[in-house]
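Everything below concerns the one structure shown next.
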Protein chains: 2
Amino acid sequence: MSDAVTPEEQARHAEKMKKIKAARDRMMEGKTGEKGLIMVHTGPGKGKSSSGFGMVMRCIAHGMPCAVVQFIKGNWITGEAEMIRGRFAEECRFFVSGEGFTWETQDKARDIAAAQAGWKIAKEQILDPEIRFVLLDEINIALRYDYLDIDEVVDFLLHQKPEMTHVCLTGRNAKPELIEAADLVTEMTLVKHPFRDGIKAQKGVEF
Amino acid sequence: MSDAVTPEEQARHAEKMKKIKAARDRMMEGKTGEKGLIMVHTGPGKGKSSSGFGMVMRCIAHGMPCAVVQFIKGNWITGEAEMIRGRFAEECRFFVSGEGFTWETQDKARDIAAAQAGWKIAKEQILDPEIRFVLLDEINIALRYDYLDIDEVVDFLLHQKPEMTHVCLTGRNAKPELIEAADLVTEMTLVKHPFRDGIKAQKGVEF
């Protein structure tokens, strides 16, 4: 790589970028719609919850009130929980329904009750006209174990969610029915992870 | 799905979860190390920048000072920029070096100068012992076009980055050299996107 750009190269580059910009502008011209999205973050990689949390912070910055329901991480003191409760309690409601991962509780009836309590809160928040963005963190785990009925959840999202409200559902192993119903689905793929090298979950990175 | 859990089912579930927990505890026992990670978020899917931003907010919650260098989104007023500058200026330094995507500027020499100015700031922030987490947002775009030298960036990260400092590099098309050097790599895969249905980039979701 060299810093020196010849005039010919500069002209070629400008021409190429002009074409890309024109193509992009044409593509974006047709994209004028707005709607509340059903978003799913799934897959084994990192970033499912943290990007949901990042969107919550973006919404707060734009003056859009949010709600978060944590379905599984109930007994963790996470950075995001502290941040929202401590500094954005006005802008974002925060609910915890789960009591830790299922292998921690070892109590199926309690897990089901917690998941269903969380879904009840989730529906109330989604229906609340004041709330613009709802994050259902790790709900896919509850759906995967059938602690919640996938058909009921999908039906509610498709037919009762207010048109302009965004809902983001996170967690591994999203059910095919949910992927089918969603507007935007991202699969976080694990390419490399430091757990393999004996590195533990670290503050700021994982929680 | 039924809410009623029989005692037999409850016992079977508890036994199964106990085994999973024991296996997990054994696995986690060996994971006691801590180190500053080189993290890469790449791929065409959503969530690369927003999960980087989510980690910044987590670090702030844990009292870990951060720095963000935006390489490409220079002329956008994004939610995260407003949030950090407006409310967390003490906890997180925020720098913008890029002036928009390359097809907007159409000026290669200016793009190179902006990328290199950003990399200079990035190195200073990474070397600063006070800073615990550095987000290099969209730096992969600058690397892809060879506006920055990949060997220099990788060499710096591997040999000059302080041991406990985390660095997260985002953007599509991460170079193989960077993936090789990284501790944690996530590829955001696009499963479904509402652009296809004529929906534009929306506040809170995309920026």
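Residue numbering restarts at 1 for every chain of the structure tokens, chains are lettered A, B, ... in their displayed order, and ligands are numbered from 1 as they appear.
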Next on the checklist: Should the cut-off be 6 Å, what would the residue list for chain B against chain A look like, counting only C-alpha atoms, as a count of residues only?
Outcome noted: 43
Checklist entry - Could you write out, as a ChimeraX atom specification, all the residues of stretch 7-199 of chain B that DSSP marks as alpha helix (DSSP H)? => result /B:7-29,48-61,79-87,102-105,108-127,139-144,150-159,176-181
Could you write out the selected residues, including C-alpha atoms, as a PDB file, in the first residue's frame?
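Output saved as part19.pdb:
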ATOM      1  CA  PRO B   7     -43.747 -35.543  39.043  1.00  0.00           C
ATOM      2  CA  GLU B   8     -42.003 -38.153  36.838  1.00  0.00           C
ATOM      3  CA  GLU B   9     -41.305 -35.577  34.146  1.00  0.00           C
ATOM      4  CA  GLN B  10     -40.103 -33.113  36.751  1.00  0.00           C
ATOM      5  CA  ALA B  11     -37.676 -35.705  38.168  1.00  0.00           C
ATOM      6  CA  ARG B  12     -36.403 -36.701  34.713  1.00  0.00           C
ATOM      7  CA  HIS B  13     -35.889 -33.058  33.835  1.00  0.00           C
ATOM      8  CA  ALA B  14     -34.015 -32.339  37.075  1.00  0.00           C
ATOM      9  CA  GLU B  15     -31.740 -35.351  36.498  1.00  0.00           C
ATOM     10  CA  LYS B  16     -30.991 -34.320  32.917  1.00  0.00           C
ATOM     11  CA  MET B  17     -30.295 -30.712  33.864  1.00  0.00           C
ATOM     12  CA  LYS B  18     -28.074 -31.836  36.759  1.00  0.00           C
ATOM     13  CA  LYS B  19     -25.945 -33.772  34.265  1.00  0.00           C
ATOM     14  CA  ILE B  20     -25.773 -30.819  31.880  1.00  0.00           C
ATOM     15  CA  LYS B  21     -24.790 -28.540  34.750  1.00  0.00           C
ATOM     16  CA  ALA B  22     -22.065 -30.953  35.930  1.00  0.00           C
ATOM     17  CA  ALA B  23     -20.638 -31.204  32.396  1.00  0.00           C
ATOM     18  CA  ARG B  24     -20.757 -27.452  32.037  1.00  0.00           C
ATOM     19  CA  ASP B  25     -19.128 -26.824  35.398  1.00  0.00           C
ATOM     20  CA  ARG B  26     -16.310 -29.230  34.477  1.00  0.00           C
ATOM     21  CA  MET B  27     -15.844 -27.449  31.172  1.00  0.00           C
ATOM     22  CA  MET B  28     -15.800 -24.007  32.807  1.00  0.00           C
ATOM     23  CA  GLU B  29     -13.354 -25.097  35.539  1.00  0.00           C
ATOM     24  CA  LYS B  48     -21.733  -5.785  13.882  1.00  0.00           C
ATOM     25  CA  SER B  49     -21.629  -2.176  15.041  1.00  0.00           C
ATOM     26  CA  SER B  50     -24.581  -2.370  17.401  1.00  0.00           C
ATOM     27  CA  SER B  51     -23.102  -5.246  19.390  1.00  0.00           C
ATOM     28  CA  GLY B  52     -19.776  -3.380  19.550  1.00  0.00           C
ATOM     29  CA  PHE B  53     -21.703  -0.394  20.852  1.00  0.00           C
ATOM     30  CA  GLY B  54     -23.560  -2.688  23.305  1.00  0.00           C
ATOM     31  CA  MET B  55     -20.197  -3.870  24.673  1.00  0.00           C
ATOM     32  CA  VAL B  56     -19.085  -0.244  25.090  1.00  0.00           C
ATOM     33  CA  MET B  57     -22.208   0.390  27.182  1.00  0.00           C
ATOM     34  CA  ARG B  58     -21.538  -2.751  29.243  1.00  0.00           C
ATOM     35  CA  CYS B  59     -17.963  -1.632  29.899  1.00  0.00           C
ATOM     36  CA  ILE B  60     -19.191   1.804  30.957  1.00  0.00           C
ATOM     37  CA  ALA B  61     -21.592   0.080  33.355  1.00  0.00           C
ATOM     38  CA  GLY B  79     -27.892   7.188  17.851  1.00  0.00           C
ATOM     39  CA  GLU B  80     -24.727   5.796  19.358  1.00  0.00           C
ATOM     40  CA  ALA B  81     -22.696   8.907  18.591  1.00  0.00           C
ATOM     41  CA  GLU B  82     -25.344  11.104  20.194  1.00  0.00           C
ATOM     42  CA  MET B  83     -25.622   8.806  23.191  1.00  0.00           C
ATOM     43  CA  ILE B  84     -21.902   8.656  23.893  1.00  0.00           C
ATOM     44  CA  ARG B  85     -21.150  12.314  23.227  1.00  0.00           C
ATOM     45  CA  GLY B  86     -24.199  13.590  25.023  1.00  0.00           C
ATOM     46  CA  ARG B  87     -24.278  11.361  28.077  1.00  0.00           C
ATOM     47  CA  THR B 102     -16.344   5.613  -0.035  1.00  0.00           C
ATOM     48  CA  TRP B 103     -18.989   5.873  -2.739  1.00  0.00           C
ATOM     49  CA  GLU B 104     -20.158   9.121  -1.136  1.00  0.00           C
ATOM     50  CA  THR B 105     -16.788  10.881  -1.086  1.00  0.00           C
ATOM     51  CA  LYS B 108      -9.562   8.170  -2.850  1.00  0.00           C
ATOM     52  CA  ALA B 109      -6.768  10.389  -1.527  1.00  0.00           C
ATOM     53  CA  ARG B 110      -9.115  11.937   1.034  1.00  0.00           C
ATOM     54  CA  ASP B 111     -10.424   8.500   2.083  1.00  0.00           C
ATOM     55  CA  ILE B 112      -6.880   7.225   2.612  1.00  0.00           C
ATOM     56  CA  ALA B 113      -5.928  10.295   4.638  1.00  0.00           C
ATOM     57  CA  ALA B 114      -9.055   9.891   6.804  1.00  0.00           C
ATOM     58  CA  ALA B 115      -8.405   6.175   7.395  1.00  0.00           C
ATOM     59  CA  GLN B 116      -4.793   6.806   8.350  1.00  0.00           C
ATOM     60  CA  ALA B 117      -5.735   9.634  10.690  1.00  0.00           C
ATOM     61  CA  GLY B 118      -8.213   7.239  12.317  1.00  0.00           C
ATOM     62  CA  TRP B 119      -5.597   4.524  12.721  1.00  0.00           C
ATOM     63  CA  LYS B 120      -3.199   6.997  14.359  1.00  0.00           C
ATOM     64  CA  ILE B 121      -5.889   7.876  16.915  1.00  0.00           C
ATOM     65  CA  ALA B 122      -6.720   4.190  17.351  1.00  0.00           C
ATOM     66  CA  LYS B 123      -3.123   3.343  18.239  1.00  0.00           C
ATOM     67  CA  GLU B 124      -2.945   6.164  20.776  1.00  0.00           C
ATOM     68  CA  GLN B 125      -6.159   5.005  22.444  1.00  0.00           C
ATOM     69  CA  ILE B 126      -5.120   1.351  22.523  1.00  0.00           C
ATOM     70  CA  LEU B 127      -1.759   2.284  24.073  1.00  0.00           C
ATOM     71  CA  ILE B 139     -12.198  -0.379  10.180  1.00  0.00           C
ATOM     72  CA  ASN B 140     -12.577  -3.522   8.017  1.00  0.00           C
ATOM     73  CA  ILE B 141     -13.825  -1.348   5.153  1.00  0.00           C
ATOM     74  CA  ALA B 142     -10.655   0.755   5.304  1.00  0.00           C
ATOM     75  CA  LEU B 143      -8.559  -2.429   5.441  1.00  0.00           C
ATOM     76  CA  ARG B 144     -10.427  -4.025   2.574  1.00  0.00           C
ATOM     77  CA  ILE B 150      -3.273  -5.035   7.184  1.00  0.00           C
ATOM     78  CA  ASP B 151       0.188  -6.248   8.232  1.00  0.00           C
ATOM     79  CA  GLU B 152       0.830  -3.098  10.222  1.00  0.00           C
ATOM     80  CA  VAL B 153      -2.562  -3.306  11.959  1.00  0.00           C
ATOM     81  CA  VAL B 154      -2.191  -7.003  12.837  1.00  0.00           C
ATOM     82  CA  ASP B 155       1.403  -6.530  14.006  1.00  0.00           C
ATOM     83  CA  PHE B 156       0.353  -3.665  16.261  1.00  0.00           C
ATOM     84  CA  LEU B 157      -2.552  -5.618  17.759  1.00  0.00           C
ATOM     85  CA  LEU B 158      -0.424  -8.703  18.418  1.00  0.00           C
ATOM     86  CA  HIS B 159       2.716  -7.030  19.718  1.00  0.00           C
ATOM     87  CA  PRO B 176      -8.003 -13.357   6.616  1.00  0.00           C
ATOM     88  CA  GLU B 177      -4.882 -12.032   8.371  1.00  0.00           C
ATOM     89  CA  LEU B 178      -7.083 -10.275  10.938  1.00  0.00           C
ATOM     90  CA  ILE B 179      -9.282 -13.332  11.470  1.00  0.00           C
ATOM     91  CA  GLU B 180      -6.148 -15.407  11.998  1.00  0.00           C
ATOM     92  CA  ALA B 181      -4.825 -12.968  14.620  1.00  0.00           C
TER      93      ALA B 181
END
Checklist entry - Please, which residues of chain A, numbered as in this document, come out strand (DSSP E) from DSSP, as a VMD selection string? => result chain A and resid 38 to 42 66 to 70 92 to 96 133 to 137 166 to 170 184 to 192
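The interatomic distance for the pair atom CA of B:Pro162 and atom CA of B:Leu135 works out to 14.8 Å.
You can rank A:Ala67, A:Val167, A:Ile131, A:Leu136 by their closest distance to A:Gly98 using only C-alpha atoms, and at the top of that list sits A:Leu136.
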